[in-house]
file entry.cif (mmCIF, C-alpha atoms and all ligand atoms)
data_target
loop_
_atom_site.label_atom_id
_atom_site.label_comp_id
_atom_site.auth_asym_id
_atom_site.auth_seq_id
_atom_site.Cartn_x
_atom_site.Cartn_y
_atom_site.Cartn_z
CA MET H 1 -59.93 67.03 -81.60
CA GLY H 2 -57.95 68.83 -84.23
CA GLU H 3 -58.80 72.52 -84.52
CA GLY H 4 -56.31 74.77 -86.22
CA LEU H 5 -53.57 73.96 -88.69
CA LYS H 6 -54.49 71.01 -90.89
CA LEU H 7 -52.31 68.80 -93.03
CA PRO H 8 -53.92 68.25 -96.47
CA LYS H 9 -54.72 64.78 -97.74
CA PHE H 10 -51.58 64.10 -99.76
CA SER H 11 -48.16 65.22 -98.64
CA ILE H 12 -44.56 64.34 -99.29
CA GLY H 13 -41.78 64.69 -96.76
CA VAL H 14 -38.60 65.85 -98.40
CA GLY H 15 -35.20 65.97 -96.78
CA ASP H 16 -32.65 68.52 -97.81
CA ARG H 17 -29.41 67.67 -96.03
CA PHE H 18 -27.49 70.72 -97.22
CA ALA H 19 -30.40 73.14 -97.63
CA HIS H 20 -29.65 73.62 -101.34
CA GLN H 21 -32.48 71.70 -103.05
CA ALA H 22 -35.69 73.18 -101.67
CA LYS H 23 -36.54 74.78 -105.01
CA ALA H 24 -35.86 71.59 -106.98
CA GLN H 25 -37.99 69.63 -104.51
CA LEU H 26 -40.84 72.10 -104.64
CA ALA H 27 -40.66 71.93 -108.45
CA ALA H 28 -41.77 68.27 -108.14
CA CYS H 29 -44.90 69.40 -106.26
CA VAL H 30 -45.50 72.01 -108.95
CA LEU H 31 -45.35 69.21 -111.56
CA ALA H 32 -47.83 67.23 -109.44
CA ALA H 33 -50.21 70.20 -109.40
CA LYS H 34 -49.90 70.44 -113.18
CA ALA H 35 -50.71 66.73 -113.39
CA GLY H 36 -53.88 67.43 -111.40
CA ILE H 37 -53.06 66.43 -107.83
CA GLU H 38 -52.26 68.51 -104.77
CA VAL H 39 -49.20 67.12 -103.01
CA ILE H 40 -48.05 69.33 -100.16
CA PRO H 41 -44.32 69.57 -99.41
CA VAL H 42 -43.09 69.01 -95.88
CA TRP H 43 -39.41 69.63 -95.32
CA ASN H 44 -38.16 67.16 -92.77
CA LYS H 45 -34.78 66.94 -91.11
CA SER H 46 -34.20 64.99 -87.95
CA ASN H 47 -32.13 66.01 -84.99
CA ARG H 48 -29.76 63.18 -85.91
CA GLU H 49 -29.15 64.68 -89.35
CA HIS H 50 -28.74 68.22 -88.05
CA THR H 51 -26.24 66.92 -85.52
CA ILE H 52 -24.25 64.92 -88.08
CA ILE H 53 -24.10 67.85 -90.49
CA GLY H 54 -23.76 70.58 -87.90
CA SER H 55 -26.76 72.51 -89.22
CA GLU H 56 -29.65 74.27 -87.49
CA PRO H 57 -33.39 73.83 -88.12
CA SER H 58 -33.66 77.55 -88.79
CA ALA H 59 -31.58 77.07 -91.97
CA THR H 60 -34.18 74.58 -93.25
CA ARG H 61 -36.85 77.24 -92.65
CA THR H 62 -34.88 79.87 -94.55
CA ALA H 63 -34.34 77.54 -97.52
CA ALA H 64 -37.99 76.44 -97.63
CA ASP H 65 -39.35 79.98 -97.39
CA ALA H 66 -37.01 81.13 -100.16
CA ALA H 67 -38.15 78.28 -102.44
CA ILE H 68 -41.83 79.05 -101.77
CA LYS H 69 -41.24 82.66 -102.72
CA ALA H 70 -39.13 81.88 -105.78
CA LEU H 71 -41.68 79.47 -107.25
CA GLY H 72 -44.76 81.41 -106.14
CA TRP H 73 -46.22 78.41 -104.25
CA THR H 74 -49.53 79.50 -102.72
CA LYS H 75 -50.65 76.21 -101.15
CA PRO H 76 -49.65 75.09 -97.66
CA TYR H 77 -46.19 73.78 -96.80
CA PHE H 78 -44.68 72.63 -93.53
CA LEU H 79 -41.42 72.10 -91.70
CA ASP H 80 -41.14 68.82 -89.82
CA ALA H 81 -39.06 68.47 -86.68
CA ASP H 82 -38.48 64.84 -87.53
CA HIS H 83 -37.91 62.24 -84.79
CA ILE H 84 -37.64 64.65 -81.88
CA ASN H 85 -38.13 63.99 -78.18
CA LEU H 86 -38.15 66.07 -74.98
CA LYS H 87 -34.37 66.34 -74.97
CA THR H 88 -33.94 67.45 -78.58
CA VAL H 89 -37.02 69.56 -79.31
CA ASP H 90 -35.80 73.01 -78.23
CA ARG H 91 -34.11 74.32 -81.36
CA PHE H 92 -37.00 73.09 -83.52
CA LEU H 93 -39.66 75.04 -81.63
CA ALA H 94 -39.46 78.31 -83.52
CA PRO H 95 -38.81 77.21 -87.13
CA CYS H 96 -41.08 74.14 -87.27
CA ASP H 97 -44.85 73.70 -87.57
CA PHE H 98 -44.88 69.89 -87.82
CA PHE H 99 -43.46 67.71 -85.06
CA THR H 100 -42.73 64.00 -85.30
CA LEU H 101 -42.78 62.75 -81.73
CA ASP H 102 -40.46 59.78 -81.68
CA VAL H 103 -41.25 57.40 -78.86
CA ALA H 104 -39.81 54.21 -80.34
CA ASP H 105 -37.17 54.01 -77.61
CA LEU H 106 -39.85 53.68 -74.95
CA ILE H 107 -41.67 50.80 -76.62
CA GLY H 108 -41.47 47.81 -74.29
CA GLN H 109 -40.94 49.87 -71.16
CA PRO H 110 -43.78 48.86 -68.86
CA ALA H 111 -46.29 51.50 -67.81
CA ARG H 112 -47.55 51.90 -64.24
CA PRO H 113 -49.79 48.89 -63.44
CA GLU H 114 -52.64 51.22 -62.33
CA ASP H 115 -52.44 53.05 -65.69
CA VAL H 116 -52.60 49.75 -67.56
CA SER H 117 -55.67 48.57 -65.66
CA ALA H 118 -57.32 51.97 -66.05
CA PHE H 119 -56.73 51.78 -69.80
CA VAL H 120 -58.26 48.31 -70.05
CA ALA H 121 -61.25 49.39 -67.94
CA ARG H 122 -61.80 52.51 -70.06
CA HIS H 123 -61.98 50.50 -73.32
CA PRO H 124 -64.60 47.74 -73.21
CA GLU H 125 -65.03 48.26 -76.97
CA LEU H 126 -61.58 46.68 -77.46
CA LEU H 127 -62.48 43.56 -75.54
CA GLY H 128 -63.79 40.28 -76.93
CA ILE H 129 -64.84 40.07 -80.57
CA VAL H 130 -63.94 43.40 -82.15
CA THR H 131 -65.45 43.96 -85.58
CA ILE H 132 -63.84 46.70 -87.63
CA PRO H 133 -65.50 47.68 -90.90
CA ARG H 134 -63.47 46.40 -93.87
CA ILE H 135 -61.31 44.04 -91.82
CA ALA H 136 -62.49 40.59 -92.87
CA GLU H 137 -61.67 38.70 -89.68
CA PRO H 138 -62.79 40.30 -86.40
CA PHE H 139 -60.09 40.66 -83.76
CA HIS H 140 -60.46 38.34 -80.77
CA THR H 141 -58.99 39.96 -77.71
CA THR H 142 -58.83 39.18 -74.02
CA GLU H 143 -58.08 41.38 -71.04
CA SER H 144 -54.58 39.97 -70.76
CA PHE H 145 -53.97 40.58 -74.48
CA ILE H 146 -54.95 44.24 -74.14
CA SER H 147 -52.95 44.77 -70.98
CA GLY H 148 -50.01 43.09 -72.71
CA ILE H 149 -50.19 45.65 -75.51
CA ALA H 150 -50.71 48.46 -73.00
CA ASN H 151 -47.60 47.29 -71.18
CA LYS H 152 -45.66 47.46 -74.39
CA PHE H 153 -46.89 50.82 -75.72
CA LEU H 154 -48.64 52.86 -73.01
CA ALA H 155 -45.48 54.35 -71.50
CA ALA H 156 -44.36 55.41 -74.99
CA VAL H 157 -47.71 57.07 -75.74
CA GLN H 158 -47.72 58.79 -72.36
CA HIS H 159 -44.30 60.16 -73.20
CA ALA H 160 -45.62 61.42 -76.52
CA GLY H 161 -48.33 63.16 -74.48
CA GLU H 162 -45.66 64.90 -72.44
CA ILE H 163 -43.87 66.15 -75.55
CA TYR H 164 -47.17 67.22 -77.09
CA ARG H 165 -48.16 69.22 -74.01
CA LEU H 166 -44.78 70.92 -73.95
CA LEU H 167 -45.31 71.92 -77.59
CA VAL H 168 -48.77 73.29 -76.78
CA GLU H 169 -47.33 75.27 -73.91
CA LYS H 170 -44.54 76.72 -76.06
CA LYS H 171 -46.32 77.18 -79.38
CA GLY H 172 -50.06 77.03 -78.70
CA ALA H 173 -52.60 74.35 -79.62
CA GLY H 174 -53.48 74.10 -83.29
CA THR H 175 -50.35 75.90 -84.47
CA PHE H 176 -48.54 72.73 -85.52
CA ILE H 177 -49.15 69.26 -86.98
CA PRO H 178 -48.39 66.44 -84.53
CA GLU H 179 -47.17 63.06 -85.79
CA ILE H 180 -46.20 60.07 -83.68
CA SER H 181 -43.52 57.75 -85.02
CA MET H 182 -42.83 54.20 -83.90
CA ASP H 183 -40.95 53.02 -86.95
CA GLU H 184 -37.39 52.86 -85.65
CA THR H 185 -37.88 49.77 -83.55
CA ASP H 186 -37.31 46.05 -84.05
CA SER H 187 -40.72 44.54 -84.65
CA PRO H 188 -43.64 45.84 -86.73
CA GLN H 189 -46.92 46.84 -85.11
CA THR H 190 -49.90 44.79 -86.21
CA PRO H 191 -53.20 46.48 -87.17
CA VAL H 192 -54.82 45.47 -83.85
CA GLU H 193 -51.85 46.96 -82.00
CA LEU H 194 -52.22 50.12 -84.06
CA LEU H 195 -55.89 50.33 -83.10
CA ILE H 196 -55.09 49.98 -79.41
CA ILE H 197 -52.25 52.51 -79.70
CA LEU H 198 -54.66 54.97 -81.32
CA ALA H 199 -57.03 54.53 -78.37
CA MET H 200 -54.12 55.40 -76.05
CA ILE H 201 -53.25 58.44 -78.14
CA ALA H 202 -56.85 59.64 -78.00
CA ASP H 203 -56.81 59.14 -74.21
CA GLU H 204 -53.70 61.33 -74.04
CA LYS H 205 -55.65 63.90 -76.10
CA ILE H 206 -52.94 64.19 -78.75
CA PRO H 207 -54.69 65.31 -81.94
CA ILE H 208 -52.27 63.49 -84.23
CA GLN H 209 -52.75 63.98 -87.96
CA THR H 210 -50.21 61.37 -89.01
CA ILE H 211 -48.91 58.18 -87.47
CA ALA H 212 -45.85 56.24 -88.55
CA PRO H 213 -46.02 52.63 -87.47
CA LYS H 214 -43.35 50.14 -88.34
CA PHE H 215 -44.71 48.04 -91.18
CA THR H 216 -43.87 44.46 -91.91
CA GLY H 217 -40.73 43.99 -94.04
CA ARG H 218 -37.52 45.97 -94.35
CA PHE H 219 -37.63 49.71 -95.09
CA ASN H 220 -33.98 50.25 -95.75
CA LYS H 221 -32.70 53.71 -96.58
CA GLY H 222 -32.69 54.59 -100.25
CA VAL H 223 -33.40 51.10 -101.61
CA ASP H 224 -36.49 49.08 -102.44
CA TYR H 225 -38.77 47.31 -100.00
CA VAL H 226 -37.66 43.85 -98.89
CA GLY H 227 -40.47 41.68 -97.63
CA ASP H 228 -43.74 39.95 -98.33
CA LEU H 229 -45.78 42.19 -100.61
CA ALA H 230 -49.06 40.33 -99.98
CA GLN H 231 -48.60 40.60 -96.23
CA PHE H 232 -47.69 44.30 -96.51
CA THR H 233 -50.77 44.97 -98.64
CA LYS H 234 -53.10 43.24 -96.19
CA GLU H 235 -51.55 45.02 -93.23
CA PHE H 236 -51.59 48.44 -94.89
CA ASN H 237 -55.29 48.07 -95.75
CA GLU H 238 -56.10 46.93 -92.21
CA ASP H 239 -54.13 49.84 -90.79
CA LEU H 240 -56.28 52.18 -92.87
CA ALA H 241 -59.40 50.44 -91.57
CA ALA H 242 -58.15 50.76 -87.98
CA ILE H 243 -57.49 54.47 -88.52
CA ALA H 244 -60.94 55.09 -90.01
CA PHE H 245 -62.47 53.26 -87.05
CA SER H 246 -60.44 55.24 -84.52
CA ILE H 247 -61.45 58.56 -86.09
CA LYS H 248 -65.11 57.62 -85.62
CA THR H 249 -64.77 55.92 -82.26
CA TYR H 250 -62.22 58.11 -80.49
CA GLY H 251 -62.73 61.45 -82.19
CA LEU H 252 -59.18 61.65 -83.54
CA PRO H 253 -58.77 64.28 -86.31
CA ASP H 254 -60.66 63.28 -89.45
CA ASN H 255 -57.58 63.83 -91.63
CA LEU H 256 -55.49 61.35 -89.60
CA LYS H 257 -53.39 59.35 -92.05
CA LEU H 258 -50.47 56.98 -92.27
CA SER H 259 -46.99 58.37 -92.59
CA VAL H 260 -44.63 56.04 -94.43
CA HIS H 261 -41.14 56.58 -93.07
CA SER H 262 -38.06 55.65 -95.05
CA GLY H 263 -40.67 55.86 -97.78
CA SER H 264 -38.36 56.80 -100.61
CA ASP H 265 -37.48 54.22 -103.22
CA LYS H 266 -39.98 51.58 -102.04
CA PHE H 267 -41.06 51.08 -105.63
CA SER H 268 -42.46 47.58 -105.19
CA ILE H 269 -45.09 48.66 -102.61
CA TYR H 270 -46.17 51.95 -104.21
CA LYS H 271 -48.98 50.36 -106.19
CA ALA H 272 -50.32 48.68 -103.05
CA ILE H 273 -50.18 52.00 -101.20
CA TYR H 274 -51.88 53.88 -104.03
CA ASP H 275 -54.65 51.28 -104.38
CA ALA H 276 -55.33 51.07 -100.64
CA VAL H 277 -55.37 54.83 -100.12
CA LYS H 278 -57.71 55.23 -103.07
CA SER H 279 -60.07 52.49 -101.97
CA PHE H 280 -60.36 53.99 -98.47
CA ASP H 281 -60.47 57.55 -99.80
CA ALA H 282 -57.69 58.11 -97.25
CA GLY H 283 -54.69 60.41 -97.31
CA VAL H 284 -51.05 59.46 -97.04
CA HIS H 285 -47.78 61.11 -96.09
CA LEU H 286 -44.70 59.72 -97.80
CA LYS H 287 -41.54 60.62 -95.93
CA THR H 288 -38.42 60.62 -98.05
CA ALA H 289 -35.17 62.16 -96.96
CA GLY H 290 -31.75 61.05 -98.08
CA THR H 291 -32.89 60.28 -101.58
CA THR H 292 -32.37 63.96 -102.45
CA TRP H 293 -28.81 63.90 -101.15
CA LEU H 294 -28.12 60.91 -103.41
CA GLU H 295 -29.50 62.85 -106.36
CA GLU H 296 -27.04 65.62 -105.52
CA LEU H 297 -24.23 63.09 -105.81
CA ILE H 298 -25.67 61.72 -109.05
CA GLY H 299 -25.89 65.24 -110.48
CA LEU H 300 -22.30 65.97 -109.47
CA ALA H 301 -21.06 62.69 -110.94
CA GLU H 302 -23.04 63.31 -114.12
CA SER H 303 -21.49 66.74 -114.54
CA GLY H 304 -17.98 65.20 -114.73
CA GLY H 305 -14.80 67.12 -113.85
CA THR H 306 -14.70 68.46 -110.30
CA GLY H 307 -18.21 67.22 -109.62
CA LEU H 308 -17.31 63.63 -110.47
CA ALA H 309 -14.07 63.93 -108.47
CA ILE H 310 -16.05 65.06 -105.41
CA ALA H 311 -18.53 62.19 -105.79
CA LYS H 312 -15.58 59.75 -105.90
CA GLU H 313 -13.97 61.37 -102.89
CA VAL H 314 -17.23 61.03 -100.93
CA TYR H 315 -17.31 57.34 -101.81
CA ALA H 316 -13.69 56.73 -100.82
CA GLU H 317 -14.16 58.43 -97.44
CA ALA H 318 -17.49 56.70 -96.83
CA TYR H 319 -15.84 53.38 -97.65
CA ALA H 320 -13.02 54.09 -95.21
CA HIS H 321 -15.41 55.08 -92.40
CA SER H 322 -18.30 52.80 -93.20
CA GLU H 323 -18.68 51.36 -89.70
CA GLU H 324 -18.93 54.73 -88.02
CA LEU H 325 -21.31 56.08 -90.70
CA CYS H 326 -23.59 53.06 -90.60
CA ALA H 327 -23.88 52.78 -86.82
CA PRO H 328 -26.68 55.37 -86.29
CA TYR H 329 -28.70 53.74 -89.09
CA ALA H 330 -28.16 50.09 -88.14
CA THR H 331 -31.87 49.21 -88.09
CA VAL H 332 -32.55 50.74 -91.49
CA ILE H 333 -29.72 49.60 -93.78
CA ASP H 334 -28.51 46.24 -95.11
CA ILE H 335 -25.15 46.58 -96.82
CA ASP H 336 -23.31 43.57 -98.21
CA PRO H 337 -19.64 44.56 -97.81
CA ALA H 338 -18.68 42.06 -100.52
CA GLN H 339 -20.69 44.15 -103.00
CA LEU H 340 -18.83 47.38 -102.24
CA PRO H 341 -16.23 48.20 -104.90
CA THR H 342 -12.92 49.48 -103.58
CA PRO H 343 -12.24 53.21 -103.90
CA ALA H 344 -9.49 52.35 -106.41
CA VAL H 345 -12.07 50.77 -108.69
CA VAL H 346 -14.53 53.64 -108.27
CA ASN H 347 -11.78 56.19 -108.95
CA SER H 348 -11.37 54.71 -112.43
CA TRP H 349 -15.10 55.11 -113.22
CA SER H 350 -16.61 57.41 -115.83
CA SER H 351 -19.62 59.62 -115.03
CA ASP H 352 -21.84 57.00 -116.57
CA GLN H 353 -20.37 54.16 -114.50
CA PHE H 354 -20.77 56.14 -111.29
CA THR H 355 -24.35 57.22 -111.94
CA SER H 356 -25.31 53.72 -113.16
CA ALA H 357 -24.11 52.19 -109.90
CA LEU H 358 -25.80 54.84 -107.76
CA ARG H 359 -29.04 55.75 -109.52
CA HIS H 360 -32.00 53.68 -108.36
CA ASP H 361 -32.78 52.02 -111.68
CA GLN H 362 -33.31 48.33 -111.04
CA SER H 363 -33.33 47.59 -114.77
CA ASN H 364 -29.70 48.72 -114.98
CA PRO H 365 -27.42 45.71 -114.29
CA ALA H 366 -24.75 48.08 -112.92
CA TYR H 367 -27.08 49.40 -110.17
CA ASN H 368 -25.50 48.58 -106.80
CA PRO H 369 -27.81 48.80 -103.74
CA SER H 370 -24.96 48.30 -101.26
CA LEU H 371 -23.01 51.22 -102.71
CA ARG H 372 -26.21 53.26 -102.73
CA GLN H 373 -26.94 52.59 -99.05
CA LEU H 374 -23.39 53.35 -98.01
CA LEU H 375 -23.53 56.68 -99.82
CA HIS H 376 -26.98 57.29 -98.34
CA VAL H 377 -25.49 57.39 -94.85
CA GLY H 378 -22.32 59.06 -96.12
CA PHE H 379 -23.55 62.66 -96.11
CA LYS H 380 -21.32 63.35 -93.11
CA VAL H 381 -18.36 63.10 -95.47
CA ALA H 382 -19.77 65.86 -97.66
CA ALA H 383 -20.58 67.91 -94.55
CA LYS H 384 -16.92 67.67 -93.57
CA MET H 385 -15.88 68.98 -96.99
CA GLY H 386 -17.73 72.16 -96.08
CA PRO H 387 -17.68 74.95 -98.67
CA ARG H 388 -15.99 72.74 -101.30
CA TYR H 389 -19.04 70.50 -101.46
CA LEU H 390 -21.51 73.38 -101.42
CA GLU H 391 -19.61 75.24 -104.13
CA ALA H 392 -19.73 72.15 -106.34
CA LEU H 393 -23.51 72.01 -105.81
CA GLU H 394 -23.83 75.63 -106.77
CA ALA H 395 -21.57 75.31 -109.81
CA ASN H 396 -23.69 72.39 -111.08
CA GLU H 397 -27.05 73.64 -109.87
CA SER H 398 -29.15 72.88 -112.93
CA ILE H 399 -27.93 69.33 -113.50
CA VAL H 400 -28.35 68.54 -109.79
CA ALA H 401 -31.81 70.16 -109.69
CA LYS H 402 -32.94 68.17 -112.71
CA ASN H 403 -32.03 64.91 -110.95
CA VAL H 404 -33.68 65.97 -107.68
CA THR H 405 -36.96 67.02 -109.33
CA THR H 406 -37.13 64.04 -111.68
CA ASN H 407 -36.49 61.57 -108.87
CA LEU H 408 -39.24 63.00 -106.66
CA PHE H 409 -41.81 63.44 -109.40
CA GLU H 410 -41.22 60.46 -111.69
CA ARG H 411 -40.17 57.83 -109.20
CA HIS H 412 -42.18 58.90 -106.12
CA ILE H 413 -45.10 61.27 -106.70
CA LYS H 414 -46.30 59.58 -109.90
CA PRO H 415 -46.61 56.03 -108.52
CA VAL H 416 -47.72 56.92 -104.96
CA PHE H 417 -50.17 59.77 -105.61
CA LEU H 418 -51.14 59.41 -109.25
CA GLY H 419 -51.02 55.63 -109.62
CA LEU H 420 -48.79 55.90 -112.68
ZN ZN C 1 -38.70 57.49 -89.27
#
call {"tool": "encode", "arguments": {"input": "entry.cif", "output": "structure tokens"}}
result
Amino acid sequence: MGEGLKLPKFSIGVGDRFAHQAKAQLAACVLAAKAGIEVIPVWNKSNREHTIIGSEPSATRTAADAAIKALGWTKPYFLDADHINLKTVDRFLAPCDFFTLDVADLIGQPARPEDVSAFVARHPELLGIVTIPRIAEPFHTTESFISGIANKFLAAVQHAGEIYRLLVEKKGAGTFIPEISMDETDSPQTPVELLIILAMIADEKIPIQTIAPKFTGRFNKGVDYVGDLAQFTKEFNEDLAAIAFSIKTYGLPDNLKLSVHSGSDKFSIYKAIYDAVKSFDAGVHLKTAGTTWLEELIGLAESGGTGLAIAKEVYAEAYAHSEELCAPYATVIDIDPAQLPTPAVVNSWSSDQFTSALRHDQSNPAYNPSLRQLLHVGFKVAAKMGPRYLEALEANESIVAKNVTTNLFERHIKPVFLGL
């Protein structure tokens, strides 16, 4: 499986809510190249974000292509139709060459009993004592355990197969990178579940190059990881072992790698990710999105004057509409309302006070993760401002770009891909 377009080993998913930062984002990959590592940019924007902003995937393509040209980038780059399904895929077909098939909603919906028993019968290698190289304890499985997992995930994987086949019909096999995402659900998938899911994916003949499981712990938007680091490390290593095994056993593409969703700002697990990826000689895709939008706000606030006023206005509106803004992101944010300053307080802030509260610098006592998460989901407010917001971005382009590039390179690419 897996002829055609191939995603290189290391890649970073970057979100560009307002299609103004593609150059600044690409500049971080240029810095990575200068530091000796190839990190391929993938511009991702989900249907949810396009809908909230009122933008079209074709605009993301235009912005990415322009950045590639402006910076003379000669390596690959991709456009990710992030979290799409059969209902939402249409407008992504032409501009995108990377598709994240989101089947999280179907997890738990039982598959046809005959499909479940056929799956179990087809996979004797998953039954009994299953020894996976580099997983210390073999998995002990029974028929009812495997059919239980098939009942939980098979319908979802079959649905991914349907989306994949539609993409092949519309675009042609090998002309796009398929990813399957299962991260936006309630409970994490264990490594043995991942292995069994990969067997299902191979059965559906989906040549996925990335898979996004839900990992243990909280992956909240724009803030650090919350959870058990030792448990995460063990699980991440075992996931890599399960993937390596599935490539050999099921013939999945040999560049298949983990995709870490809501991967921005998870500073406390980056070393574990770097070490594991290195020890397995594996690849990794780090998907970040809203972190760039927050850097836009930081750049505006830093520039003072109108820029700072707009950043404050975004906060005041986000504060007033927090319930509505948070609803679509309920599973991926944890805001403590008691920690949110009132707009009156924020309106009295200097540039430095605003950026100190917002910038993800845990050593700064003024850093406020609740404020940061609220603003993370608050891009709708800026979208509503329309040209006023975009003009402010353009007027302060260099200060915004500096924040966007520095954030991606220093805080993300360096620790995840360079181990620094
Ligand atoms: Zn995701």
call {"tool": "atom_distance", "arguments": {"input": "entry.cif", "atom1": "CA of Ala282 in chain H", "atom2": "CA of Ala241 in chain H"}}
result
9.7 Å
call {"tool": "residues_around", "arguments": {"input": "entry.cif", "residues": "range 398-405 of chain H", "least_positions_apart": "3", "cutoff": "10 Å", "atoms": "only C-alpha atoms", "output": "PyMOL selection string"}}
result
chain H and resi 20-31+291-303+359+392-395+408-411
call {"tool": "residues_near_ligand", "arguments": {"input": "entry.cif", "ligand": "ligand ZN 1 (chain C)", "cutoff": "9 Å", "atoms": "only C-alpha atoms and all ligand atoms", "output": "JSON, numbers by chain"}}
result
{"H": [46, 82, 83, 100, 102, 181, 182, 183, 184, 212, 213, 214, 259, 260, 261, 262, 263, 287]}
call {"tool": "closest_residue", "arguments": {"input": "entry.cif", "among": "H:Gly222, H:Pro133, H:Lys171, H:Gly161", "to": "Ala202 in chain H", "atoms": "all atoms listed in the file"}}
result
H:Gly161
call {"tool": "atom_distance", "arguments": {"input": "entry.cif", "atom1": "CA of Leu106 in chain H", "atom2": "CA of Tyr164 in chain H"}}
result
15.5 Å
call {"tool": "axis_aligned_box", "arguments": {"input": "entry.cif", "around": "range 228-234 of chain H", "padding_each_side": "5 Å", "output": "lines of an AutoDock Vina configuration file"}}
result
center_x = -48.4
center_y = 42.5
center_z = -98.4
size_x = 19.4
size_y = 15.0
size_z = 14.4
call {"tool": "build_atoms", "arguments": {"input": "entry.cif", "residues": "range 66-78 of chain H", "atoms": "N, CA and C atoms", "output": "PDB file, in the coordinates of the input"}}
result
ATOM      1  N   ALA H  66     -37.563  80.539 -98.934  1.00  0.00           N
ATOM      2  CA  ALA H  66     -37.010  81.130-100.160  1.00  0.00           C
ATOM      3  C   ALA H  66     -37.551  80.395-101.391  1.00  0.00           C
ATOM      4  N   ALA H  67     -37.646  79.070-101.306  1.00  0.00           N
ATOM      5  CA  ALA H  67     -38.150  78.280-102.440  1.00  0.00           C
ATOM      6  C   ALA H  67     -39.615  78.618-102.714  1.00  0.00           C
ATOM      7  N   ILE H  68     -40.404  78.733-101.653  1.00  0.00           N
ATOM      8  CA  ILE H  68     -41.830  79.050-101.770  1.00  0.00           C
ATOM      9  C   ILE H  68     -42.002  80.380-102.509  1.00  0.00           C
ATOM     10  N   LYS H  69     -41.169  81.337-102.121  1.00  0.00           N
ATOM     11  CA  LYS H  69     -41.240  82.660-102.720  1.00  0.00           C
ATOM     12  C   LYS H  69     -40.799  82.601-104.191  1.00  0.00           C
ATOM     13  N   ALA H  70     -39.687  81.920-104.424  1.00  0.00           N
ATOM     14  CA  ALA H  70     -39.130  81.880-105.780  1.00  0.00           C
ATOM     15  C   ALA H  70     -40.105  81.233-106.764  1.00  0.00           C
ATOM     16  N   LEU H  71     -40.792  80.185-106.322  1.00  0.00           N
ATOM     17  CA  LEU H  71     -41.680  79.470-107.250  1.00  0.00           C
ATOM     18  C   LEU H  71     -43.135  79.928-107.156  1.00  0.00           C
ATOM     19  N   GLY H  72     -43.403  80.878-106.265  1.00  0.00           N
ATOM     20  CA  GLY H  72     -44.760  81.410-106.140  1.00  0.00           C
ATOM     21  C   GLY H  72     -45.772  80.358-105.688  1.00  0.00           C
ATOM     22  N   TRP H  73     -45.356  79.478-104.782  1.00  0.00           N
ATOM     23  CA  TRP H  73     -46.220  78.410-104.250  1.00  0.00           C
ATOM     24  C   TRP H  73     -47.239  79.042-103.297  1.00  0.00           C
ATOM     25  N   THR H  74     -48.526  78.848-103.564  1.00  0.00           N
ATOM     26  CA  THR H  74     -49.530  79.500-102.720  1.00  0.00           C
ATOM     27  C   THR H  74     -50.276  78.504-101.825  1.00  0.00           C
ATOM     28  N   LYS H  75     -49.988  77.221-101.991  1.00  0.00           N
ATOM     29  CA  LYS H  75     -50.650  76.210-101.150  1.00  0.00           C
ATOM     30  C   LYS H  75     -49.846  76.041 -99.849  1.00  0.00           C
ATOM     31  N   PRO H  76     -50.394  75.258 -98.913  1.00  0.00           N
ATOM     32  CA  PRO H  76     -49.650  75.090 -97.660  1.00  0.00           C
ATOM     33  C   PRO H  76     -48.303  74.386 -97.848  1.00  0.00           C
ATOM     34  N   TYR H  77     -47.440  74.539 -96.889  1.00  0.00           N
ATOM     35  CA  TYR H  77     -46.190  73.780 -96.800  1.00  0.00           C
ATOM     36  C   TYR H  77     -45.789  73.777 -95.335  1.00  0.00           C
ATOM     37  N   PHE H  78     -44.996  72.784 -94.955  1.00  0.00           N
ATOM     38  CA  PHE H  78     -44.680  72.630 -93.530  1.00  0.00           C
ATOM     39  C   PHE H  78     -43.211  72.272 -93.334  1.00  0.00           C
TER      40      PHE H  78
END
